[in-house]
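J.: Provided herewith is a single structure, encoded as structure tokens, for subsequent inquiry.
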Amino acid sequence: MNEFYPLIIVALGVIALLILIMKLQINTFISLIIVSFLVAFALKMPVDEIVGTITDGMGGTLGSIALIFGLGAILGRLVSDAGGAQRIAMTLIDKFGEKHIQWAVVIASFIIGIALFFEVGLVLLIPIVFQIAKQLRVSMLYLGIPMAAALSVTHGFLPPHPGPTVIAQQFEANIGLVLLYGFIIAVPTVIIAGPVFAYVLKKVAPDVFTKSGDESAIGEVKEFNLEDTPKFGISVLTSLFPVILMAISTIVMLLQDVYGLQENIVTKSLQFIGEPTTALLISVLIAIYTMGVARNIPMKQVMHSAEESIKAIGMMLLIIGGGGVFKQVLIDGGVGDAVEQIFTGVNISPILLAWIIAAVLRIALGSATVAALTTAGLVIPLMQGSDVNVALMVLATGAGSLIASHVNDAGFWMFKEFFGLNIKETFYTWTLLETIISVVGLIFVLLLSVFV
């Protein structure tokens with residue numbers, strides 16, 4: 001019974017969190033911090049270490065995404081306030097037509113998702129998706145689910161994202177093969193978890209599609225006459241400039257890995273400007289010119305847009321940080337060690353075992369990347385003497401690490417806040433979406449294992 005105790009505490013912690021938020025209507029951020037303290041005590045963490053863990057969780061989460069979120073929000077707001085997002089939205093509608101607009105969103109999100117972290121892609125795409133939904137008078141979720149599916153699949157399956165990249169190194173897998181197999185699996189997974197799931201969900205739970213989304217998350221959306229908006233080309237270039245910089249950096253790093261190229265001042269410089277924070281800062285400076293100065297918009301007005309964008313995401317950042325606190329308590333409290341004990345000596349297919357362990361860790365710990373990396377450490381010894389394809393092991397681990405995102409995952413709160421959902425609605429949209437990606441991903445990995 002002792003080995004299951006940490007997992008029971010996790011389950012009780014989640015229930016307590018839901019009661020605080022849904023029944024007692026306590027602010028989500030405050031609820032997350034309260035439950036984090038309670039769970040830390042229940043996991044018998046040393047009292048003098050609890051506050052340090054809380055601080056590390058908050059700092060570790062916000063330290064990695066606060067700059068990205070802030071700069072991404074400013075970039076999105078500058079493009080939106082200048083009319084660039086409306087121009088992109090209207091052009092996509094004209095080119096694809098209302099009937100195929102979901103596919104336009106899927107393709108755009110998939111391309112952006114390959115180069116960007118999930119959080120960055122979401123922040124950059126949200127203003128455009130809001131504009132498309134507004135112009136067509138369709139539900140935000142009708143477009144938001146395919147967008148989130150594409151971003152999440154690329155995050156879990158495709159290098160250069162941290163999870164698949166680092167796991168590939170741990171398993172000593174060929175990064176090129178991981179990318180190739182990942183792409184083969186990612187495309188059908190996005191289709192099933194995106195447009196297909198959105199279609200089925202609309203039939204099963206039509207009420208959730210009446211939500212208009214929380215426009216306060218990106219600030220008030222302005223309306224323009226189309227002739228008063230920036231040209232499509234400059235709007236897209238400004239919006240996608242961080243993607244371009246990160247894509248160039250990614251290609252350079254992949255070429256280095258594949259061909260064993262030596263680092264030099266050029267490659268180091270490209271890697272530097274391809275870092276998300278650097279790429280976004282450069283892009284914001286470009287947006288200040290293209291969406292402001294070049295359009296004769298006073299600098300004071302441009303900076304007002306920047307300031308308003310930060311005000312809009314303040315509470316969301318705290319909530320995401322609170323999710324990080326909860327996750328850190330679970331990690332430092334030994335939940336991962338408990339999972340390791342449970343699976344020691346289990347004798348099943350390495351691919352299936354990697355998926356199961358990653359899935360259990362993801363549900364218990366919240367972080368997809370932490371779940372994936374911990375899984376790698378647990379299953380590498382179990383692969384000895386096995387002829388299993390290591391590239392497929394990477395993808396199975398990535399698939400497992402995406403399952404059932406819930407209240408201990410920052411992505412859950414981001415999706416909830418952006419789309420104006422309550423907790424229950426977030427469970428049967430976002431949590432179910434992530435579970436579909438995970439299960440479908442596993443199925444395609446197993447099918448691919450028959451041929452390679």
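Ordered as shown in the structure tokens, chains take letters A, B, and onward, while each chain numbers its residues from 1 and ligands are numbered from 1 in the order shown.
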Neighbouring residues of Leu433 (chain A) were defined as those with any atom within 12 Å, considering only C-alpha atoms; residues of the same chain fewer than 5 positions away were excluded. Please report them as a PyMOL selection string.

T.: chain A and resi 141+144-153+189-198+200-201+402-406+411-412+415+425-428+438-440

J.: Could you tell me how far CA of Gly182 (chain A) sits from CA of Leu158 (chain A), in Å to one decimal place?

T.: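 Straight-line distance from CA of Leu158 (chain A) to CA of Gly182 (chain A) works out to 5.7 Å.
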
J.: For a quick check of understanding, using only C-alpha atoms, which of A:Phe224, A:Trp103, A:Phe183, A:Phe4 has the smallest distance to Gln135 (chain A)?

T.: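 Answer, going by the shortest atom-to-atom distance: A:Phe224.
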
J.: Quote the spacing between CA of Pro242 (chain A) and CA of Val302 (chain A) in Å to one decimal place.

T.: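 Taking CA of Pro242 (chain A) as the start and CA of Val302 (chain A) as the end point, the length is 19.5 Å.
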
J.: From the options A:Leu24, A:Ile265, A:Ala73, A:Ala133, which residue's atoms come nearest to Gly121 (chain A), counting only C-alpha atoms?

T.: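 Nearest candidate to Gly121 (chain A) out of A:Leu24, A:Ile265, A:Ala73, A:Ala133: A:Ala73.
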
J.: Enumerate as an MDAnalysis selection string all residues of region 151-228 of chain A assigned to alpha helix (DSSP H) by DSSP on the backbone, naming them with the chain letters and numbers the document uses.

T.: chainID A and resid 151:157 162:171 175:191 197:204

J.: Write out as a list in words the residues lying within 12 Å of Val452 (chain A), counting only C-alpha atoms and excluding same-chain residues fewer than 3 positions away.

T.: Leu177, Tyr181, Asp387, Val388, Asn389, Val390, Ala391, Leu392, Val445, Leu446, Leu447, Leu448 and Ser449 of chain A

J.: Could you write those residues out with C-alpha atoms, as a PDB file, in the first residue's frame?

T.:
ATOM      1  CA  LEU A 177      14.515   9.148 -38.187  1.00  0.00           C
ATOM      2  CA  TYR A 181       8.580   8.784 -38.304  1.00  0.00           C
ATOM      3  CA  ASP A 387      15.711  -5.200 -30.827  1.00  0.00           C
ATOM      4  CA  VAL A 388      13.005  -2.542 -30.475  1.00  0.00           C
ATOM      5  CA  ASN A 389      13.262   0.466 -32.822  1.00  0.00           C
ATOM      6  CA  VAL A 390      14.602   3.284 -30.638  1.00  0.00           C
ATOM      7  CA  ALA A 391      13.063   6.016 -32.826  1.00  0.00           C
ATOM      8  CA  LEU A 392       9.635   4.483 -32.201  1.00  0.00           C
ATOM      9  CA  VAL A 445       3.481   3.937 -33.482  1.00  0.00           C
ATOM     10  CA  LEU A 446       2.426   0.285 -33.084  1.00  0.00           C
ATOM     11  CA  LEU A 447       1.274   0.145 -36.725  1.00  0.00           C
ATOM     12  CA  LEU A 448       4.549   1.670 -37.900  1.00  0.00           C
ATOM     13  CA  SER A 449       6.502  -0.848 -35.788  1.00  0.00           C
TER      14      SER A 449
END

J.: Between A:Pro188, A:Leu365, A:Ile128, A:Lys202, which has the minimum distance to Ala11 (chain A) (counting only C-alpha atoms)?

T.: A:Leu365

J.: Any idea what the distance is between CA of Gly52 (chain A) and CA of Val370 (chain A)?

T.: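 Answer for the CA of Gly52 (chain A) to CA of Val370 (chain A) separation: 19.1 Å.
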
J.: From the list A:Asn174, A:Gly84, A:Ile8, A:Ile184, which residue is nearest Tyr259 (chain A) when using only C-alpha atoms?

T.: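 Ranking A:Asn174, A:Gly84, A:Ile8, A:Ile184 by distance to Tyr259 (chain A), first place goes to A:Asn174.
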
J.: If you count only C-alpha atoms, which residues fall within 7 Å of Met291 (chain A), apart from same-chain ones fewer than 6 positions away, as number ranges by chain?

T.: A: 78-79, 82
